[in-house]
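Pasted below: target05.txt, compact mmCIF, N, CA and C atoms.
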```txt
# COMPACT_ATOMS: atom_id res chain seq x y z
N ALA A 1 102.39 103.20 48.36
CA ALA A 1 101.68 104.02 49.33
C ALA A 1 102.69 104.63 50.28
N ASP A 2 102.41 105.85 50.64
CA ASP A 2 103.23 106.51 51.64
C ASP A 2 102.80 106.06 53.03
N VAL A 3 103.76 105.88 53.87
CA VAL A 3 103.48 105.52 55.26
C VAL A 3 103.98 106.68 56.12
N GLU A 4 103.10 107.21 56.94
CA GLU A 4 103.48 108.32 57.82
C GLU A 4 103.24 107.93 59.26
N TYR A 5 104.13 108.36 60.09
CA TYR A 5 104.01 108.11 61.52
C TYR A 5 104.46 109.38 62.21
N ILE A 6 103.54 110.09 62.81
CA ILE A 6 103.85 111.37 63.45
C ILE A 6 103.90 111.16 64.96
N VAL A 7 105.00 111.55 65.54
CA VAL A 7 105.16 111.45 66.98
C VAL A 7 105.22 112.87 67.52
N ASP A 8 104.19 113.23 68.25
CA ASP A 8 104.19 114.56 68.85
C ASP A 8 105.19 114.58 69.99
N GLY A 9 105.82 115.68 70.16
CA GLY A 9 106.78 115.82 71.24
C GLY A 9 106.90 117.26 71.63
N GLY A 10 107.48 117.45 72.75
CA GLY A 10 107.72 118.79 73.22
C GLY A 10 107.71 118.83 74.73
N TYR A 11 107.85 120.01 75.23
CA TYR A 11 107.88 120.20 76.67
C TYR A 11 107.61 121.66 76.99
N GLU A 12 107.15 121.90 78.19
CA GLU A 12 106.97 123.26 78.69
C GLU A 12 107.65 123.34 80.05
N VAL A 13 108.29 124.45 80.31
CA VAL A 13 108.91 124.70 81.60
C VAL A 13 108.24 125.94 82.18
N LYS A 14 107.54 125.75 83.29
CA LYS A 14 106.80 126.84 83.91
C LYS A 14 107.70 127.55 84.92
N ILE A 15 107.96 128.83 84.63
CA ILE A 15 108.77 129.68 85.50
C ILE A 15 107.88 130.82 85.97
N PRO A 16 107.87 131.11 87.27
CA PRO A 16 106.98 132.18 87.74
C PRO A 16 107.35 133.53 87.10
N SER A 17 106.33 134.31 86.77
CA SER A 17 106.58 135.62 86.17
C SER A 17 106.99 136.65 87.22
N THR A 18 106.62 136.41 88.46
CA THR A 18 106.99 137.30 89.57
C THR A 18 107.44 136.46 90.75
N ILE A 19 108.57 136.82 91.32
CA ILE A 19 109.06 136.19 92.55
C ILE A 19 109.01 137.26 93.62
N THR A 20 108.16 137.06 94.61
CA THR A 20 107.98 138.06 95.67
C THR A 20 108.90 137.74 96.83
N VAL A 21 109.68 138.73 97.24
CA VAL A 21 110.60 138.58 98.36
C VAL A 21 109.91 139.11 99.61
N ASP A 22 109.88 138.31 100.66
CA ASP A 22 109.28 138.68 101.94
C ASP A 22 110.18 139.71 102.62
N SER A 23 109.63 140.85 103.01
CA SER A 23 110.45 141.91 103.60
C SER A 23 110.99 141.52 104.97
N ALA A 24 110.32 140.64 105.69
CA ALA A 24 110.78 140.23 107.02
C ALA A 24 111.98 139.28 106.93
N THR A 25 111.93 138.32 106.01
CA THR A 25 113.00 137.33 105.90
C THR A 25 114.01 137.67 104.82
N GLN A 26 113.67 138.61 103.93
CA GLN A 26 114.47 139.00 102.78
C GLN A 26 114.67 137.84 101.80
N LYS A 27 113.74 136.86 101.83
CA LYS A 27 113.82 135.72 100.93
C LYS A 27 112.53 135.54 100.15
N GLY A 28 112.67 135.03 98.95
CA GLY A 28 111.54 134.68 98.11
C GLY A 28 111.78 133.33 97.48
N ASN A 29 110.94 132.36 97.79
CA ASN A 29 111.07 131.02 97.23
C ASN A 29 110.26 130.90 95.94
N TYR A 30 110.75 130.10 95.01
CA TYR A 30 110.03 129.86 93.77
C TYR A 30 110.25 128.43 93.31
N THR A 31 109.36 127.97 92.43
CA THR A 31 109.43 126.62 91.90
C THR A 31 109.33 126.65 90.38
N ILE A 32 110.18 125.89 89.75
CA ILE A 32 110.14 125.69 88.30
C ILE A 32 109.55 124.30 88.07
N THR A 33 108.56 124.20 87.19
CA THR A 33 107.82 122.96 87.00
C THR A 33 107.84 122.50 85.55
N ALA A 34 108.06 121.21 85.36
CA ALA A 34 108.00 120.59 84.03
C ALA A 34 106.55 120.26 83.72
N GLU A 35 106.08 120.67 82.54
CA GLU A 35 104.70 120.40 82.13
C GLU A 35 104.67 119.90 80.70
N ASN A 36 103.70 119.05 80.39
CA ASN A 36 103.48 118.54 79.03
C ASN A 36 104.75 117.97 78.41
N PHE A 37 105.49 117.20 79.20
CA PHE A 37 106.73 116.60 78.71
C PHE A 37 106.43 115.36 77.87
N VAL A 38 106.79 115.42 76.60
CA VAL A 38 106.76 114.27 75.71
C VAL A 38 108.11 114.28 75.02
N ILE A 39 109.10 113.66 75.70
CA ILE A 39 110.46 113.67 75.19
C ILE A 39 110.99 112.24 75.20
N GLY A 40 112.11 112.02 74.53
CA GLY A 40 112.70 110.69 74.43
C GLY A 40 113.08 110.09 75.76
N GLU A 41 113.29 108.79 75.74
CA GLU A 41 113.55 108.02 76.97
C GLU A 41 114.74 108.54 77.77
N ASN A 42 115.83 108.88 77.13
CA ASN A 42 117.03 109.36 77.84
C ASN A 42 117.20 110.87 77.75
N SER A 43 116.18 111.56 77.29
CA SER A 43 116.25 113.00 77.13
C SER A 43 115.93 113.70 78.44
N TYR A 44 116.39 114.94 78.55
CA TYR A 44 116.10 115.73 79.74
C TYR A 44 116.27 117.21 79.44
N VAL A 45 115.76 118.02 80.34
CA VAL A 45 115.83 119.47 80.23
C VAL A 45 116.50 120.00 81.49
N THR A 46 117.39 120.98 81.31
CA THR A 46 117.99 121.65 82.46
C THR A 46 117.58 123.12 82.46
N VAL A 47 117.60 123.71 83.63
CA VAL A 47 117.31 125.13 83.78
C VAL A 47 118.41 125.74 84.63
N SER A 48 118.94 126.86 84.20
CA SER A 48 119.98 127.56 84.97
C SER A 48 119.66 129.05 84.99
N SER A 49 120.31 129.73 85.94
CA SER A 49 120.12 131.18 86.06
C SER A 49 121.31 131.77 86.79
N PRO A 50 121.52 133.07 86.67
CA PRO A 50 122.63 133.72 87.36
C PRO A 50 122.52 133.56 88.88
N GLU A 51 123.67 133.55 89.54
CA GLU A 51 123.69 133.39 90.99
C GLU A 51 123.50 134.69 91.75
N SER A 52 123.43 135.81 91.05
CA SER A 52 123.23 137.09 91.73
C SER A 52 122.60 138.10 90.77
N GLY A 53 122.15 139.20 91.36
CA GLY A 53 121.54 140.26 90.57
C GLY A 53 121.28 141.45 91.46
N SER A 54 120.50 142.39 90.94
CA SER A 54 120.20 143.58 91.73
C SER A 54 118.76 144.04 91.50
N LEU A 55 118.25 144.71 92.50
CA LEU A 55 116.93 145.32 92.46
C LEU A 55 117.12 146.82 92.56
N SER A 56 116.23 147.59 91.97
CA SER A 56 116.37 149.04 92.06
C SER A 56 115.04 149.71 92.37
N ASN A 57 115.16 150.87 92.98
CA ASN A 57 114.04 151.74 93.31
C ASN A 57 114.54 153.15 93.03
N GLY A 58 114.40 153.57 91.80
CA GLY A 58 115.00 154.85 91.41
C GLY A 58 116.50 154.71 91.40
N SER A 59 117.20 155.51 92.19
CA SER A 59 118.67 155.44 92.23
C SER A 59 119.18 154.48 93.31
N ASP A 60 118.28 153.96 94.15
CA ASP A 60 118.68 153.01 95.18
C ASP A 60 118.72 151.60 94.61
N THR A 61 119.76 150.84 94.97
CA THR A 61 119.86 149.45 94.50
C THR A 61 120.13 148.52 95.68
N LEU A 62 119.68 147.30 95.53
CA LEU A 62 119.91 146.23 96.50
C LEU A 62 120.42 145.01 95.74
N SER A 63 121.41 144.34 96.28
CA SER A 63 121.92 143.11 95.68
C SER A 63 121.12 141.92 96.18
N PHE A 64 121.05 140.88 95.35
CA PHE A 64 120.44 139.64 95.79
C PHE A 64 121.24 138.45 95.27
N THR A 65 121.09 137.33 95.97
CA THR A 65 121.65 136.07 95.49
C THR A 65 120.50 135.19 95.03
N ASN A 66 120.81 134.31 94.11
CA ASN A 66 119.82 133.37 93.59
C ASN A 66 120.40 131.97 93.69
N THR A 67 119.70 131.11 94.39
CA THR A 67 120.11 129.71 94.50
C THR A 67 119.05 128.85 93.84
N LEU A 68 119.42 128.20 92.74
CA LEU A 68 118.50 127.32 92.01
C LEU A 68 119.02 125.90 92.11
N GLU A 69 118.15 125.01 92.57
CA GLU A 69 118.48 123.59 92.67
C GLU A 69 118.90 123.07 91.30
N SER A 70 119.97 122.28 91.27
CA SER A 70 120.37 121.69 89.99
C SER A 70 119.68 120.34 89.85
N GLY A 71 119.48 119.94 88.63
CA GLY A 71 118.83 118.67 88.38
C GLY A 71 118.26 118.63 86.98
N ASN A 72 117.83 117.45 86.59
CA ASN A 72 117.26 117.26 85.26
C ASN A 72 115.75 117.11 85.34
N LEU A 73 115.05 117.79 84.46
CA LEU A 73 113.62 117.62 84.31
C LEU A 73 113.41 116.56 83.24
N THR A 74 112.76 115.46 83.60
CA THR A 74 112.61 114.36 82.65
C THR A 74 111.16 114.02 82.34
N SER A 75 110.24 114.47 83.18
CA SER A 75 108.82 114.17 82.94
C SER A 75 107.94 115.23 83.59
N SER A 76 106.70 115.29 83.14
CA SER A 76 105.75 116.26 83.69
C SER A 76 105.65 116.10 85.20
N GLY A 77 105.63 117.22 85.89
CA GLY A 77 105.54 117.19 87.34
C GLY A 77 106.87 117.34 88.06
N ASP A 78 107.98 117.11 87.36
CA ASP A 78 109.29 117.33 87.97
C ASP A 78 109.44 118.80 88.33
N THR A 79 110.13 119.09 89.42
CA THR A 79 110.31 120.47 89.85
C THR A 79 111.75 120.75 90.25
N LEU A 80 112.09 122.02 90.21
CA LEU A 80 113.34 122.54 90.74
C LEU A 80 112.97 123.71 91.66
N SER A 81 113.59 123.77 92.82
CA SER A 81 113.29 124.84 93.77
C SER A 81 114.39 125.89 93.74
N GLY A 82 113.98 127.12 93.98
CA GLY A 82 114.93 128.22 94.01
C GLY A 82 114.59 129.22 95.10
N THR A 83 115.60 130.01 95.47
CA THR A 83 115.41 131.05 96.48
C THR A 83 116.18 132.30 96.08
N ILE A 84 115.49 133.42 96.11
CA ILE A 84 116.11 134.73 95.96
C ILE A 84 116.29 135.29 97.37
N GLU A 85 117.48 135.77 97.69
CA GLU A 85 117.71 136.37 99.00
C GLU A 85 118.38 137.73 98.83
N VAL A 86 117.71 138.77 99.31
CA VAL A 86 118.25 140.12 99.26
C VAL A 86 119.37 140.20 100.29
N THR A 87 120.55 140.65 99.86
CA THR A 87 121.71 140.64 100.74
C THR A 87 122.06 142.02 101.29
N ASP A 88 121.41 143.06 100.81
CA ASP A 88 121.63 144.42 101.31
C ASP A 88 120.43 144.86 102.13
N LEU A 89 120.65 145.83 103.01
CA LEU A 89 119.55 146.43 103.74
C LEU A 89 119.11 147.69 103.00
N PRO A 90 117.81 147.87 102.79
CA PRO A 90 117.36 149.07 102.08
C PRO A 90 117.59 150.34 102.88
N VAL A 91 117.99 151.38 102.16
CA VAL A 91 118.19 152.68 102.79
C VAL A 91 116.87 153.44 102.80
N ASN A 92 116.08 153.29 101.75
CA ASN A 92 114.81 154.00 101.61
C ASN A 92 113.67 153.01 101.38
N PRO A 93 112.48 153.34 101.87
CA PRO A 93 111.33 152.47 101.62
C PRO A 93 110.91 152.54 100.15
N GLY A 94 110.10 151.60 99.73
CA GLY A 94 109.59 151.61 98.37
C GLY A 94 109.63 150.23 97.75
N LYS A 95 109.20 150.16 96.52
CA LYS A 95 109.17 148.90 95.77
C LYS A 95 110.45 148.79 94.94
N TYR A 96 111.21 147.76 95.22
CA TYR A 96 112.44 147.48 94.49
C TYR A 96 112.16 146.37 93.48
N THR A 97 112.57 146.55 92.26
CA THR A 97 112.30 145.56 91.22
C THR A 97 113.58 145.26 90.43
N GLY A 98 113.60 144.10 89.84
CA GLY A 98 114.71 143.68 89.00
C GLY A 98 114.27 142.50 88.15
N THR A 99 115.19 141.96 87.41
CA THR A 99 114.90 140.85 86.50
C THR A 99 115.97 139.79 86.67
N ILE A 100 115.53 138.55 86.56
CA ILE A 100 116.48 137.43 86.51
C ILE A 100 116.12 136.58 85.29
N ASN A 101 117.11 136.22 84.53
CA ASN A 101 116.90 135.42 83.32
C ASN A 101 117.18 133.95 83.60
N PHE A 102 116.41 133.09 82.96
CA PHE A 102 116.58 131.65 83.08
C PHE A 102 116.93 131.10 81.72
N THR A 103 117.87 130.15 81.69
CA THR A 103 118.26 129.48 80.46
C THR A 103 117.76 128.04 80.51
N ILE A 104 117.03 127.65 79.48
CA ILE A 104 116.47 126.30 79.40
C ILE A 104 117.20 125.57 78.27
N ASN A 105 117.74 124.39 78.60
CA ASN A 105 118.46 123.59 77.61
C ASN A 105 117.83 122.19 77.52
N TYR A 106 117.69 121.72 76.29
CA TYR A 106 117.17 120.38 76.03
C TYR A 106 118.32 119.49 75.58
N PHE A 107 118.41 118.30 76.17
CA PHE A 107 119.42 117.33 75.79
C PHE A 107 118.71 116.06 75.31
N SER A 108 119.03 115.62 74.10
CA SER A 108 118.32 114.50 73.49
C SER A 108 118.71 113.15 74.07
N GLY A 109 119.80 113.08 74.78
CA GLY A 109 120.20 111.81 75.38
C GLY A 109 120.71 110.78 74.41
N GLU A 110 121.06 111.20 73.23
CA GLU A 110 121.56 110.26 72.22
C GLU A 110 123.05 110.14 72.26
```
Could I get this file's structure written as structure tokens?
Amino acid sequence: ADVEYIVDGGYEVKIPSTITVDSATQKGNYTITAENFVIGENSYVTVSSPESGSLSNGSDTLSFTNTLESGNLTSSGDTLSGTIEVTDLPVNPGKYTGTINFTINYFSGE
């Protein structure tokens, strides 16, 4: 007889699709959250992102810094906090947009 034992596993990392920067403080806070974590005992997930980037409004650009808390996500509910801070003053009014990429790495702990 065949003996089968299936162990479901996986994880989800929730990253906000939009990070809104407050025009008064020039900062936007965000949270990355671990969800549905079913991983090995010594396993963990890390999330990283670039430390800077830019926003644009037509031909106008603004630089920003990104500070993401370092740490390991090991179970559902774990979080990492981040802050986007615009470092330039806008010359023209309008909506400035940009993109920041996040890299998610899984470590099996073996």
8 Å contact set for Leu80 in chain A, only C-alpha atoms, chain neighbours under 3 positions out, as an MDAnalysis selection string: chainID A and resid 31:33 68:71
Between A:Asp2, A:Asp60, A:Glu12, A:Asp22, which residue has the minimum interatomic distance to Glu85 in chain A, considering only C-alpha atoms?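 The answer is A:Asp22, which sits nearest to Glu85 in chain A.
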Of the candidates A:Ser49, A:Ser23, A:Ser75, A:Thr67, which one gets nearest to Phe102 in chain A if we count all atoms listed in the file?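 Under the stated criterion, the closest residue is A:Ser49.
Residues in contact with Thr74 in chain A at up to 6.5 Å, not including ones fewer than 4 positions away on its chain and judged by all atoms listed in the file, are Phe37, Ser43, Tyr44, Val45 and Asp78 of chain A.
Residue nearest Asp88 in chain A within the list A:Asn101, A:Phe107, A:Ile6, A:Phe64: A:Phe64 [criterion: smallest interatomic distance, all atoms listed in the file].
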Let me make sure I understand: among A:Val13, A:Glu4, A:Ala34, A:Thr25, which one has the smallest atom-to-atom distance to Thr79 in chain A if we use all atoms listed in the file?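 Nearest to Thr79 in chain A: A:Ala34.
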Can you pull out every residue within 6 Å of Ile84 in chain A, counting all atoms listed in the file, but drop anything in the same chain fewer than 5 positions away, and send it as a PyMOL selection string? chain A and resi 26-30+65-67
Produce the centre coordinates and the three edge lengths, each in Å to one decimal, of the box along x, y and z that contains all listed atoms of range 12-28 of chain A with 8 Å added on each side, as JSON.
```
{"center_x": 110.5, "center_y": 131.9, "center_z": 92.6, "size_x": 24.3, "size_y": 36.0, "size_z": 44.8}
```
Using only N, CA and C atoms, can you tell me which of A:Tyr106, A:Tyr5, A:Tyr96, A:Tyr11 comes closest to Ser54 in chain A?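 So, comparing all the options, the nearest one is A:Tyr96.
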What separation in Å, quoted to one decimal, exists between CA of Asn57 in chain A and CA of Ala24 in chain A?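 Between CA of Asn57 in chain A and CA of Ala24 in chain A the gap is 18.2 Å.
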